[in-house]
Every structure is written in structure tokens, then in C-alpha cells.
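Text of the file structure.cif, holding mmCIF, C-alpha atoms and all ligand atoms:
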data_input
loop_
_atom_site.label_atom_id
_atom_site.label_comp_id
_atom_site.auth_asym_id
_atom_site.auth_seq_id
_atom_site.Cartn_x
_atom_site.Cartn_y
_atom_site.Cartn_z
CA MET A 101 -9.39 21.20 11.50
CA GLY A 102 -10.88 19.57 14.60
CA LYS A 103 -10.36 16.03 15.74
CA HIS A 104 -10.14 13.28 13.17
CA ARG A 105 -11.83 9.98 13.97
CA VAL A 106 -9.23 7.28 13.32
CA GLY A 107 -9.59 3.51 13.79
CA ILE A 108 -6.44 1.81 15.11
CA VAL A 109 -5.65 -1.79 14.23
CA GLY A 110 -2.25 -2.48 15.80
CA GLY A 111 -2.58 -6.13 14.79
CA ASP A 112 0.04 -8.76 15.50
CA GLY A 113 3.74 -9.00 16.27
CA ILE A 114 5.55 -5.69 15.86
CA GLY A 115 2.36 -4.03 14.53
CA PRO A 116 1.21 -2.46 17.83
CA GLU A 117 4.80 -1.42 18.66
CA VAL A 118 5.31 0.56 15.45
CA ILE A 119 1.81 2.08 15.50
CA ALA A 120 2.44 3.39 19.04
CA GLU A 121 5.44 5.30 17.67
CA GLY A 122 3.41 6.59 14.72
CA LEU A 123 0.75 7.95 17.09
CA LYS A 124 3.48 9.49 19.27
CA VAL A 125 4.94 11.35 16.28
CA ILE A 126 1.50 12.47 15.03
CA ALA A 127 0.71 13.82 18.52
CA ALA A 128 3.97 15.81 18.38
CA THR A 129 2.63 17.70 15.33
CA GLY A 130 -0.33 18.94 17.38
CA VAL A 131 -2.88 17.23 15.11
CA GLU A 132 -5.54 15.64 17.29
CA PHE A 133 -7.05 12.22 16.76
CA ASP A 134 -10.10 10.70 18.33
CA THR A 135 -8.95 7.06 18.18
CA VAL A 136 -10.97 3.84 18.40
CA ASP A 137 -8.96 0.65 19.01
CA TYR A 138 -9.80 -2.59 17.24
CA ASP A 139 -8.30 -5.81 18.55
CA LEU A 140 -8.05 -7.77 15.29
CA GLY A 141 -5.49 -10.04 13.66
CA GLY A 142 -4.08 -13.53 14.04
CA ALA A 143 -3.84 -13.41 17.84
CA ARG A 144 -7.50 -12.40 18.15
CA TYR A 145 -8.50 -15.18 15.74
CA LEU A 146 -6.62 -17.77 17.78
CA ARG A 147 -8.34 -16.48 20.95
CA ASP A 148 -11.98 -16.50 19.82
CA GLY A 149 -12.24 -17.15 16.09
CA THR A 150 -13.04 -13.51 15.19
CA VAL A 151 -11.54 -12.19 11.93
CA LEU A 152 -13.54 -9.16 10.71
CA PRO A 153 -17.18 -8.99 11.76
CA ASP A 154 -19.57 -7.10 9.45
CA SER A 155 -20.55 -4.91 12.42
CA VAL A 156 -16.94 -3.65 12.62
CA LEU A 157 -16.88 -2.96 8.88
CA GLU A 158 -20.06 -0.91 9.29
CA GLU A 159 -18.55 1.03 12.19
CA TRP A 160 -15.47 1.77 10.10
CA ARG A 161 -17.59 3.49 7.46
CA GLY A 162 -18.10 6.31 9.93
CA LEU A 163 -14.36 6.88 10.46
CA ASP A 164 -12.06 9.36 8.71
CA ALA A 165 -9.18 6.85 8.36
CA ILE A 166 -7.76 3.56 9.61
CA TYR A 167 -4.16 3.16 10.80
CA LEU A 168 -2.94 -0.44 10.72
CA GLY A 169 0.29 -2.00 11.99
CA ALA A 170 0.60 -5.53 10.60
CA VAL A 171 -1.37 -8.74 10.78
CA GLY A 172 -0.20 -12.36 10.82
CA THR A 173 0.65 -14.86 13.54
CA PRO A 174 2.22 -18.32 13.35
CA GLY A 175 -0.35 -21.05 13.88
CA VAL A 176 -3.09 -19.47 11.77
CA PRO A 177 -3.81 -21.24 8.45
CA PRO A 178 -2.12 -19.33 5.59
CA GLY A 179 -4.42 -16.86 3.86
CA LEU A 180 -7.07 -16.81 6.57
CA ILE A 181 -6.17 -13.43 8.07
CA GLU A 182 -4.81 -12.06 4.78
CA ARG A 183 -8.05 -12.77 2.90
CA GLY A 184 -10.43 -12.47 5.84
CA LEU A 185 -9.12 -9.20 7.24
CA LEU A 186 -6.67 -7.30 5.05
CA LEU A 187 -8.09 -8.11 1.62
CA LYS A 188 -11.67 -7.95 2.90
CA MET A 189 -10.90 -4.45 4.15
CA ARG A 190 -9.38 -3.42 0.80
CA PHE A 191 -12.28 -4.90 -1.19
CA GLU A 192 -15.23 -3.92 1.04
CA LEU A 193 -14.03 -0.34 1.59
CA ASP A 194 -13.11 -0.16 -2.13
CA LEU A 195 -9.53 0.89 -1.36
CA TYR A 196 -8.66 0.60 -5.03
CA ILE A 197 -5.35 2.44 -4.94
CA ASN A 198 -2.32 1.13 -3.10
CA GLN A 199 0.16 4.00 -3.13
CA ARG A 200 3.75 3.21 -2.13
CA PRO A 201 6.40 5.96 -2.32
CA PHE A 202 10.14 5.20 -2.46
CA HIS A 203 12.72 7.77 -1.73
CA ASP A 204 16.49 7.81 -1.17
CA PRO A 205 17.81 11.35 -1.53
CA GLY A 206 21.44 10.15 -1.33
CA LYS A 207 20.97 8.09 -4.50
CA GLY A 208 18.57 10.50 -6.24
CA ILE A 209 15.73 7.95 -6.07
CA ASP A 210 12.19 9.34 -5.83
CA PHE A 211 9.33 7.32 -7.29
CA VAL A 212 5.83 6.15 -6.37
CA VAL A 213 4.23 2.84 -7.27
CA ILE A 214 0.47 2.85 -7.83
CA ARG A 215 -0.71 -0.71 -7.37
CA GLU A 216 -4.27 -1.59 -8.37
CA ASN A 217 -5.63 -2.95 -5.09
CA THR A 218 -8.97 -4.71 -5.65
CA GLU A 219 -8.58 -6.97 -8.71
CA GLY A 220 -6.08 -9.18 -10.54
CA THR A 221 -5.09 -12.53 -9.03
CA TYR A 222 -6.07 -11.20 -5.60
CA ALA A 223 -9.77 -11.20 -6.52
CA GLY A 224 -10.17 -14.84 -5.49
CA GLU A 225 -11.34 -16.24 -8.80
CA GLY A 226 -10.58 -19.93 -9.34
CA GLY A 227 -10.68 -23.09 -7.33
CA LEU A 228 -9.58 -26.65 -6.83
CA LEU A 229 -11.05 -29.59 -8.71
CA ARG A 230 -10.54 -33.23 -7.76
CA LYS A 231 -8.69 -32.06 -4.66
CA GLY A 232 -6.31 -34.57 -3.17
CA THR A 233 -6.34 -36.87 -6.21
CA PRO A 234 -3.50 -37.36 -8.71
CA HIS A 235 -5.66 -35.46 -11.21
CA GLU A 236 -6.06 -32.41 -9.01
CA VAL A 237 -6.46 -29.06 -10.82
CA ALA A 238 -5.87 -25.61 -9.34
CA THR A 239 -6.80 -22.40 -11.14
CA GLN A 240 -6.31 -18.84 -9.90
CA GLY A 241 -7.66 -16.38 -12.41
CA SER A 242 -6.72 -12.75 -12.84
CA VAL A 243 -9.78 -10.50 -12.83
CA ASN A 244 -9.33 -7.18 -14.63
CA THR A 245 -12.23 -4.85 -15.32
CA ARG A 246 -12.16 -1.85 -17.63
CA MET A 247 -13.51 0.25 -14.74
CA GLY A 248 -10.88 -1.03 -12.29
CA VAL A 249 -7.96 -0.60 -14.67
CA GLU A 250 -9.14 2.81 -15.83
CA ARG A 251 -9.53 4.28 -12.36
CA ALA A 252 -6.04 3.08 -11.38
CA CYS A 253 -4.55 4.58 -14.56
CA ARG A 254 -6.39 7.89 -14.07
CA TYR A 255 -5.21 8.14 -10.49
CA ALA A 256 -1.61 7.50 -11.61
CA PHE A 257 -1.79 10.12 -14.41
CA ASP A 258 -3.24 12.66 -11.96
CA LEU A 259 -0.43 11.91 -9.52
CA ALA A 260 2.25 12.19 -12.23
CA ARG A 261 1.10 15.72 -13.09
CA SER A 262 0.60 16.84 -9.46
CA ALA A 263 2.88 19.35 -7.73
CA GLY A 264 6.30 17.95 -6.89
CA ARG A 265 6.18 15.15 -9.47
CA ARG A 266 8.01 14.99 -12.79
CA LYS A 267 5.12 14.29 -15.21
CA HIS A 268 6.34 10.82 -16.11
CA LEU A 269 4.32 7.60 -15.84
CA THR A 270 5.47 4.03 -16.53
CA LEU A 271 3.05 1.16 -17.06
CA VAL A 272 4.45 -2.17 -15.84
CA HIS A 273 2.84 -5.39 -17.05
CA LYS A 274 3.70 -8.53 -19.01
CA THR A 275 1.88 -7.84 -22.27
CA ASN A 276 4.14 -10.21 -24.22
CA VAL A 277 2.63 -13.21 -22.40
CA LEU A 278 -0.53 -12.05 -20.59
CA ASN A 279 -2.26 -11.25 -23.85
CA PHE A 280 -5.76 -10.71 -22.41
CA SER A 281 -5.17 -8.75 -19.20
CA GLY A 282 -2.11 -7.05 -20.70
CA ASP A 283 -4.15 -5.98 -23.71
CA LEU A 284 -6.82 -4.40 -21.52
CA TRP A 285 -4.21 -2.62 -19.39
CA GLU A 286 -2.25 -1.33 -22.38
CA ARG A 287 -5.29 -0.08 -24.31
CA THR A 288 -6.81 1.55 -21.25
CA PHE A 289 -3.51 3.19 -20.30
CA ASN A 290 -3.09 4.60 -23.80
CA GLU A 291 -6.68 5.84 -24.01
CA VAL A 292 -6.43 7.60 -20.64
CA HIS A 293 -3.09 9.09 -21.76
CA ALA A 294 -4.99 11.10 -24.40
CA ASP A 295 -6.47 13.15 -21.52
CA TYR A 296 -2.97 13.85 -20.13
CA PRO A 297 -0.88 15.03 -23.11
CA ASP A 298 1.51 16.82 -20.73
CA VAL A 299 2.54 13.51 -19.08
CA ALA A 300 5.28 11.47 -20.79
CA THR A 301 4.86 7.70 -20.61
CA ALA A 302 6.91 4.52 -20.81
CA TYR A 303 6.15 0.81 -20.73
CA ASN A 304 8.26 -1.93 -19.06
CA HIS A 305 7.66 -5.65 -18.89
CA VAL A 306 7.68 -6.62 -15.22
CA ASP A 307 10.80 -8.77 -15.47
CA ALA A 308 12.74 -5.92 -17.05
CA ALA A 309 11.33 -3.54 -14.44
CA CYS A 310 12.93 -5.73 -11.75
CA ILE A 311 16.32 -5.07 -13.33
CA TYR A 312 15.68 -1.33 -13.62
CA PHE A 313 14.45 -1.13 -10.02
CA VAL A 314 17.85 -2.43 -8.96
CA GLU A 315 20.16 -0.90 -11.58
CA ASP A 316 18.49 2.38 -12.55
CA PRO A 317 15.60 3.28 -10.20
CA GLN A 318 16.26 6.97 -10.88
CA ARG A 319 14.42 6.58 -14.20
CA TYR A 320 11.05 6.24 -12.45
CA ASP A 321 8.67 8.98 -11.36
CA VAL A 322 5.25 7.25 -11.11
CA VAL A 323 4.69 3.56 -11.90
CA VAL A 324 1.25 1.98 -12.36
CA THR A 325 0.72 -1.76 -12.34
CA ASP A 326 -1.64 -4.55 -11.36
CA ASN A 327 -2.15 -6.02 -7.91
CA LEU A 328 0.32 -8.92 -7.93
CA PHE A 329 3.08 -7.18 -9.91
CA GLY A 330 2.63 -4.22 -7.55
CA ASP A 331 2.94 -6.44 -4.49
CA ILE A 332 6.24 -7.89 -5.69
CA LEU A 333 7.69 -4.67 -7.13
CA THR A 334 7.03 -2.71 -3.95
CA ASP A 335 9.02 -5.14 -1.80
CA LEU A 336 11.82 -4.65 -4.30
CA GLY A 337 11.31 -0.88 -4.17
CA GLY A 338 11.74 -1.05 -0.39
CA ALA A 339 14.85 -3.18 -0.70
CA VAL A 340 16.58 -0.66 -3.01
CA THR A 341 15.68 2.37 -0.88
CA GLY A 342 17.10 1.52 2.53
CA GLY A 343 15.01 -1.55 3.34
CA ILE A 344 11.48 -2.47 4.16
CA GLY A 345 11.79 -0.60 7.50
CA PHE A 346 11.25 2.65 5.59
CA ALA A 347 8.51 1.61 3.12
CA ALA A 348 5.16 3.32 3.76
CA SER A 349 1.83 2.71 2.08
CA ALA A 350 -1.67 4.06 1.69
CA ASN A 351 -4.71 2.00 0.68
CA LEU A 352 -6.92 4.69 -0.75
CA ASN A 353 -10.54 5.15 -1.65
CA PRO A 354 -10.11 8.43 -3.54
CA THR A 355 -13.89 8.81 -3.95
CA LEU A 356 -14.22 9.07 -0.13
CA THR A 357 -17.18 6.67 0.00
CA ALA A 358 -15.30 4.85 2.80
CA PRO A 359 -12.28 5.60 5.01
CA SER A 360 -8.83 4.95 3.58
CA MET A 361 -6.31 2.72 5.37
CA PHE A 362 -2.64 3.38 6.05
CA GLU A 363 -0.07 0.70 6.90
CA PRO A 364 3.66 0.03 6.56
CA VAL A 365 4.58 -2.34 3.70
CA HIS A 366 6.31 -4.73 6.12
CA GLY A 367 4.65 -7.60 7.97
CA SER A 368 4.23 -8.51 11.64
CA ALA A 369 7.78 -9.98 12.02
CA PRO A 370 6.84 -12.33 14.89
CA ASP A 371 10.51 -13.28 15.27
CA ILE A 372 11.40 -9.84 16.64
CA ALA A 373 8.09 -8.96 18.33
CA GLY A 374 8.61 -7.68 21.87
CA THR A 375 12.35 -7.08 21.42
CA ALA A 376 12.02 -3.36 20.49
CA LYS A 377 14.14 -4.05 17.39
CA ALA A 378 11.49 -3.04 14.84
CA ASN A 379 12.13 0.13 12.87
CA PRO A 380 8.98 2.26 13.28
CA THR A 381 9.92 4.63 10.43
CA ALA A 382 7.72 2.90 7.82
CA ALA A 383 4.72 3.13 10.16
CA ILE A 384 5.53 6.77 10.98
CA LEU A 385 5.78 7.64 7.26
CA SER A 386 2.46 5.83 6.70
CA GLY A 387 1.06 8.13 9.40
CA ALA A 388 2.30 11.09 7.33
CA MET A 389 0.39 9.72 4.31
CA LEU A 390 -2.69 9.46 6.53
CA LEU A 391 -2.30 13.13 7.52
CA ASP A 392 -1.88 14.11 3.86
CA PHE A 393 -5.13 12.38 3.02
CA LEU A 394 -6.96 14.19 5.84
CA GLY A 395 -5.69 17.51 4.49
CA GLU A 396 -3.12 17.98 7.27
CA THR A 397 -0.35 18.45 4.72
CA ALA A 398 1.82 20.80 6.81
CA ALA A 399 2.00 18.27 9.65
CA ALA A 400 2.68 15.48 7.14
CA ASP A 401 5.57 17.45 5.61
CA ARG A 402 7.05 18.02 9.07
CA ILE A 403 6.94 14.26 9.78
CA ARG A 404 8.58 13.42 6.47
CA ALA A 405 11.33 15.97 7.10
CA ALA A 406 11.89 14.58 10.61
CA CYS A 407 12.12 11.02 9.22
CA GLU A 408 15.00 11.99 6.90
CA ALA A 409 17.41 11.58 9.83
CA SER A 410 16.18 8.02 10.26
CA VAL A 411 16.38 7.26 6.54
CA THR A 412 20.01 8.51 6.41
CA GLY A 413 20.96 6.40 9.45
CA GLU A 414 21.55 9.38 11.74
CA ILE A 415 18.84 8.15 14.12
CA THR A 416 19.28 4.60 15.43
CA GLY A 417 18.19 2.72 18.54
CA SER A 418 15.26 0.75 19.86
CA THR A 419 11.72 1.13 18.50
CA PRO A 420 10.70 3.78 21.11
CA GLU A 421 14.08 5.53 20.87
CA ILE A 422 13.66 5.99 17.12
CA GLY A 423 10.07 7.20 17.69
CA ASP A 424 11.24 9.66 20.37
CA ALA A 425 14.05 11.01 18.19
CA ILE A 426 11.69 11.56 15.23
CA ALA A 427 9.02 13.13 17.48
CA ALA A 428 11.67 15.50 18.88
CA ARG A 429 12.51 16.69 15.35
CA VAL A 430 8.90 17.26 14.27
C1 LIG B 501 1.20 -6.27 1.22
C2 LIG B 501 1.18 -7.65 1.80
C3 LIG B 501 -0.19 -8.27 1.57
C4 LIG B 501 -0.41 -8.32 0.08
C5 LIG B 501 -0.38 -9.64 2.20
C6 LIG B 501 -0.09 -9.64 3.68
C7 LIG B 501 -1.76 -10.19 1.93
O1 LIG B 501 2.20 -8.44 1.29
O2 LIG B 501 0.43 -5.42 1.66
O3 LIG B 501 2.01 -6.03 0.31
O4 LIG B 501 0.00 -9.28 -0.58
O5 LIG B 501 -1.02 -7.39 -0.45
MN MN B 502 3.48 -7.39 -0.11
#

Structure encoded using C-alpha cells:
Amino acid sequence: MGKHRVGIVGGDGIGPEVIAEGLKVIAATGVEFDTVDYDLGGARYLRDGTVLPDSVLEEWRGLDAIYLGAVGTPGVPPGLIERGLLLKMRFELDLYINQRPFHDPGKGIDFVVIRENTEGTYAGEGGLLRKGTPHEVATQGSVNTRMGVERACRYAFDLARSAGRRKHLTLVHKTNVLNFSGDLWERTFNEVHADYPDVATAYNHVDAACIYFVEDPQRYDVVVTDNLFGDILTDLGGAVTGGIGFAASANLNPTLTAPSMFEPVHGSAPDIAGTAKANPTAAILSGAMLLDFLGETAAADRIRAACEASVTGEITGSTPEIGDAIAARV
């Protein structure tokens, strides 16, 4: 397939450590990358004030994919790197699908959460009035467009009927209280369903879904939900399938008008940075999702199979030891 041009953003804390293992495992498959390193994240911001220059965004448009570790450093104002780098990347590159698979063969758990990734409460609508006074007001609106909801639902229905899935899709929302956004989501979901009569559907309120994620996660095949519910539910999904050290994710632009971005669900964990205690499996599995998206599905399958030994606890050790053991099994 030739070399793929991949941008690398190791980021902060354990980010660069886990991405190094991901690249090691990808190299073991024989797939070749032409990588370009980008020094971005909280540490870079503290050094020279750079977050995400427009020139870098423009350069990224020429890449095939972006592989990101984690961003966030103590000492940076909250939200600055999250909004200025990660969310800017998701919004500007129109990475409207956040796909997060959860899998624990021992417990018979195998589901995927499709999180809408460009709208909802993440959109940045709202503001502060009378800041600092006793009459201060804060609003944070949830932005939901028919187009944005529909493309997320369509993607999820397509995934539910794809090979290896069980043709079942659950919408998670809070329609009993969020009567405007929930109404749009429910109507859109049902209208799109008409194009997928072979897919069975269910609906859960998000609070009930939290119980099912813990008590009966086997019921789920594909779940579709909004940005904030998806953020929260996918941490829970990680927690019930071996921990956040195994949770991979893909931020996708399925229309291919910009490169997609692949990152573990976990954060930069500054408390364990430099101690080689980070589990690189989530980053390695995110690398497999990257290969899938580039059409290197055989190599991706080999990585996923090799990671099973880490998921079951057969492989343990330091960050590079786990990477070596997975690479040896590829
Ligand atoms: C995630 C993270 C991000 C999010 C943060 C770091 C902005 O928690 O990818 O789930 O909320 O989307
Ligand atoms: Mn999150």
C-alpha cells in the first residue's frame, strides 16, 4: 500500500511513552509510516505559548492520519489545551464520529459507543454575565443540528449492520428531561432507522444506561449518543472492560475531507509520567484502529489478536516490556 503519512502528537505526560509503543507494534506488522512529529500540548504551551497554530492545521490536511498520545499538564489553565488543541482538532478537521470499542471476551462483552464529536455542550455556546458579582449567570448551551445528529445516527446504523456486528443499535439520551435536543435525536434516529429495517433498535435514558453498562453490558452491540453523554459513558465502558488502560478510540472524518485522529481514551496521567508504569495497550489498540481506517485491516487484526494477551493479564510489566511482548506476538 506504500507509506502512509502520519502526524504524531505524543503530547504530555505518559502520551509520548505509550505512542512510542504503538509505533513499535505497528512497525512489527511491516506497515510503513512516514511520520511527522508535532511538539504540542501543555508542556509546549508553558514553554512558548503555542497551542495549535493554523499553519499546523493546514499541514495536517495533507496527512493520512494523526496518532495522538494525551495532552494536559498541571499549571495550564483548565480548558485551554482541551479547547485550544483537542477540541479545535475535532471541530476543524470535522472529526464528527468518536468511535470507542469495548471488549472483554471473558465476560462476553463486545460493544462500540459512537459518540457525536462536534456538537452538544462541547460546541462552546454560552457565556458568563455579570461575572464576579453575586448576580453572576453562567449558561452552557447544547448545540444539536439535524445534520450533525443524522450523520452520527447513519454512521452508527451502518456500523451495526457491518460484518462482525450483531445488527443492534441503542440510542442513549435523556428524552424525559431534555425535551428539545432529545426530541431531535429521537426523531432523527427513528427516521434514519427506516433506511435500516434489518437493524433492531433500543432506547435507554442515560442514567439507566449507566446501570446497564455495569450490570448487563452484554446487551449492547452499538450505542449512539451525544458528545457529553458519550464522554461519560465511555469512561464507564472502559472501567467495566478491564480499565481505561485498554480503551482505544478513533476520531473519524468518514467523508475523508481531512485526516482522522486516533488516541487512547485515557489522559496524560502526569502522576506516573516517566515511571514506565503506563499501560500502552489502549494506545496500541488505537493504532490498530488507525490501520483499519487506512485499509490495513490484516495488520490491524494481527495487533488486536496480539493485544488479547495483555487484556487477559497474561502480559504484564513496564510500558516498554508490554510493548515488546505485544510486538513479539504480532
Ligand atoms: C476524551 C477526553 C476529552 C473529552 C477531554 C480531554 C477534553 O475526556 O477524549 O474523552 O472530554 O472529550
Ligand atoms: Mn473523556

Residues within 12 Å of A:Gly395, please, as a compact mmCIF listing (two decimals) with C-alpha atoms, in the coordinates of the input. Count all atoms listed in the file; anything in the same chain fewer than 2 positions from it doesn't count.
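File out13.txt, as written:
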# COMPACT_ATOMS: atom_id res chain seq x y z
CA MET A 101 -9.39 21.20 11.50
CA GLY A 102 -10.88 19.57 14.60
CA HIS A 104 -10.14 13.28 13.17
CA VAL A 131 -2.88 17.23 15.11
CA ASP A 164 -12.06 9.36 8.71
CA ALA A 165 -9.18 6.85 8.36
CA ALA A 388 2.30 11.09 7.33
CA MET A 389 0.39 9.72 4.31
CA LEU A 390 -2.69 9.46 6.53
CA LEU A 391 -2.30 13.13 7.52
CA ASP A 392 -1.88 14.11 3.86
CA PHE A 393 -5.13 12.38 3.02
CA THR A 397 -0.35 18.45 4.72
CA ALA A 398 1.82 20.80 6.81
CA ALA A 399 2.00 18.27 9.65
CA ALA A 400 2.68 15.48 7.14
CA ASP A 401 5.57 17.45 5.61

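Residue nearest A:Leu146, chosen from A:Gly232, A:Pro177, A:Gly113, A:Gly107 and counting all atoms listed in the file: A:Pro177.
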
Near ligand MN 502 (chain B), 10 Å: chain A residue rows, closest pairs, all atoms listed in the file, as CSV:
residue,atom,partner,partner_atom,distance
A:Asn327,CA,B:MN502,MN,9.7
A:Leu328,CA,B:MN502,MN,8.6
A:Phe329,CA,B:MN502,MN,9.8
A:Gly330,CA,B:MN502,MN,8.1
A:Asp331,CA,B:MN502,MN,4.5
A:Ile332,CA,B:MN502,MN,6.2
A:Leu333,CA,B:MN502,MN,8.6
A:Thr334,CA,B:MN502,MN,7.0
A:Asp335,CA,B:MN502,MN,6.2
A:Leu336,CA,B:MN502,MN,9.7
A:Pro364,CA,B:MN502,MN,10.0
A:Val365,CA,B:MN502,MN,6.4
A:His366,CA,B:MN502,MN,7.3
A:Gly367,CA,B:MN502,MN,8.2

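Closest approach to ligand LIG 501 (chain B) among A:Ile181, A:Val272, A:Ile119, A:Ala427: A:Ile181, based on all atoms listed in the file.
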
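Distances here use all atoms listed in the file; by that measure, the residue among A:Val299, A:Val340, A:Leu163, A:Val106 closest to A:Gly208 is A:Val340.
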
Please provide the set of residues having any atom within 8 Å of stretch 249-264 of chain A, restricted to only C-alpha atoms, with same-chain residues fewer than 5 positions apart removed, written as a PyMOL selection string.
chain A and resi 196-197+214-216+244+269+284-285+288-289+292-293+296+298-299+321-324

**Request:** Tell me which protein, DNA and RNA residues are within 12 Å of A:Leu228, counting all atoms listed in the file, leaving out same-chain ones fewer than 5 positions away, and put them as a PyMOL selection string.
**Result:** chain A and resi 233+235-241

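Residues in contact range of stretch 157-159 of chain A, defined as at most 10 Å between all atoms listed in the file, with sequence neighbours fewer than 6 positions away removed, read Gly107, Lys188, Met189, Glu192, Leu193 and Ala358 of chain A.
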
Could you dump the residues just selected with C-alpha atoms as a PDB file, in the coordinates of the input?
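Resulting contents of result.pdb:
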ATOM      1  CA  GLY A 107      -9.590   3.510  13.790  1.00  0.00           C
ATOM      2  CA  LYS A 188     -11.670  -7.950   2.900  1.00  0.00           C
ATOM      3  CA  MET A 189     -10.900  -4.450   4.150  1.00  0.00           C
ATOM      4  CA  GLU A 192     -15.230  -3.920   1.040  1.00  0.00           C
ATOM      5  CA  LEU A 193     -14.030  -0.340   1.590  1.00  0.00           C
ATOM      6  CA  ALA A 358     -15.300   4.850   2.800  1.00  0.00           C
TER       7      ALA A 358
END

Q.
Give me the residues near A:His273 as a list in words, where near means some atom within 10 Å (using all atoms listed in the file) and where sequence neighbours in that chain fewer than 6 positions away do not count.
A. Ser281, Gly282, Asp283, Trp285, Glu286, Tyr303, Asn304, His305, Val306, Asp307, Ala308, Ala309, Val324, Thr325, Asp326, Phe329 and Gly330 of chain A

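The closest residue to ligand LIG 501 (chain B), picked from A:Pro205, A:Gly374, A:Pro178, A:Gly387 and counting all atoms listed in the file, is A:Pro178.
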
Kindly complete stretch 189-201 of chain A to N, CA, C and O atoms; the output should be written as a PDB file, in the coordinates of the input.
ATOM      1  N   MET A 189     -10.899  -5.897   3.898  1.00  0.00           N
ATOM      2  CA  MET A 189     -10.900  -4.450   4.150  1.00  0.00           C
ATOM      3  C   MET A 189     -10.679  -3.684   2.846  1.00  0.00           C
ATOM      4  O   MET A 189     -11.398  -2.743   2.530  1.00  0.00           O
ATOM      5  N   ARG A 190      -9.666  -4.113   2.066  1.00  0.00           N
ATOM      6  CA  ARG A 190      -9.380  -3.420   0.800  1.00  0.00           C
ATOM      7  C   ARG A 190     -10.555  -3.518  -0.156  1.00  0.00           C
ATOM      8  O   ARG A 190     -10.877  -2.544  -0.845  1.00  0.00           O
ATOM      9  N   PHE A 191     -11.194  -4.693  -0.215  1.00  0.00           N
ATOM     10  CA  PHE A 191     -12.280  -4.900  -1.190  1.00  0.00           C
ATOM     11  C   PHE A 191     -13.562  -4.208  -0.704  1.00  0.00           C
ATOM     12  O   PHE A 191     -14.212  -3.490  -1.461  1.00  0.00           O
ATOM     13  N   GLU A 192     -13.948  -4.437   0.553  1.00  0.00           N
ATOM     14  CA  GLU A 192     -15.230  -3.920   1.040  1.00  0.00           C
ATOM     15  C   GLU A 192     -15.238  -2.398   1.131  1.00  0.00           C
ATOM     16  O   GLU A 192     -16.264  -1.764   0.909  1.00  0.00           O
ATOM     17  N   LEU A 193     -14.090  -1.806   1.494  1.00  0.00           N
ATOM     18  CA  LEU A 193     -14.030  -0.340   1.590  1.00  0.00           C
ATOM     19  C   LEU A 193     -13.624   0.280   0.234  1.00  0.00           C
ATOM     20  O   LEU A 193     -13.448   1.484   0.133  1.00  0.00           O
ATOM     21  N   ASP A 194     -13.480  -0.583  -0.775  1.00  0.00           N
ATOM     22  CA  ASP A 194     -13.110  -0.160  -2.130  1.00  0.00           C
ATOM     23  C   ASP A 194     -11.833   0.706  -2.125  1.00  0.00           C
ATOM     24  O   ASP A 194     -11.782   1.780  -2.730  1.00  0.00           O
ATOM     25  N   LEU A 195     -10.815   0.181  -1.448  1.00  0.00           N
ATOM     26  CA  LEU A 195      -9.530   0.890  -1.360  1.00  0.00           C
ATOM     27  C   LEU A 195      -8.742   0.527  -2.630  1.00  0.00           C
ATOM     28  O   LEU A 195      -7.818  -0.263  -2.603  1.00  0.00           O
ATOM     29  N   TYR A 196      -9.137   1.111  -3.738  1.00  0.00           N
ATOM     30  CA  TYR A 196      -8.660   0.600  -5.030  1.00  0.00           C
ATOM     31  C   TYR A 196      -7.275   1.070  -5.429  1.00  0.00           C
ATOM     32  O   TYR A 196      -6.722   0.578  -6.419  1.00  0.00           O
ATOM     33  N   ILE A 197      -6.723   1.996  -4.679  1.00  0.00           N
ATOM     34  CA  ILE A 197      -5.350   2.440  -4.940  1.00  0.00           C
ATOM     35  C   ILE A 197      -4.443   2.036  -3.792  1.00  0.00           C
ATOM     36  O   ILE A 197      -4.728   2.357  -2.635  1.00  0.00           O
ATOM     37  N   ASN A 198      -3.349   1.350  -4.098  1.00  0.00           N
ATOM     38  CA  ASN A 198      -2.320   1.130  -3.100  1.00  0.00           C
ATOM     39  C   ASN A 198      -1.103   1.959  -3.512  1.00  0.00           C
ATOM     40  O   ASN A 198      -0.438   1.653  -4.498  1.00  0.00           O
ATOM     41  N   GLN A 199      -0.883   3.033  -2.774  1.00  0.00           N
ATOM     42  CA  GLN A 199       0.160   4.000  -3.130  1.00  0.00           C
ATOM     43  C   GLN A 199       1.386   3.772  -2.253  1.00  0.00           C
ATOM     44  O   GLN A 199       1.279   3.806  -1.024  1.00  0.00           O
ATOM     45  N   ARG A 200       2.538   3.537  -2.885  1.00  0.00           N
ATOM     46  CA  ARG A 200       3.750   3.210  -2.130  1.00  0.00           C
ATOM     47  C   ARG A 200       4.925   4.056  -2.643  1.00  0.00           C
ATOM     48  O   ARG A 200       5.482   3.793  -3.709  1.00  0.00           O
ATOM     49  N   PRO A 201       5.302   5.080  -1.899  1.00  0.00           N
ATOM     50  CA  PRO A 201       6.400   5.960  -2.320  1.00  0.00           C
ATOM     51  C   PRO A 201       7.771   5.412  -1.909  1.00  0.00           C
ATOM     52  O   PRO A 201       7.906   4.808  -0.851  1.00  0.00           O
TER      53      PRO A 201
END
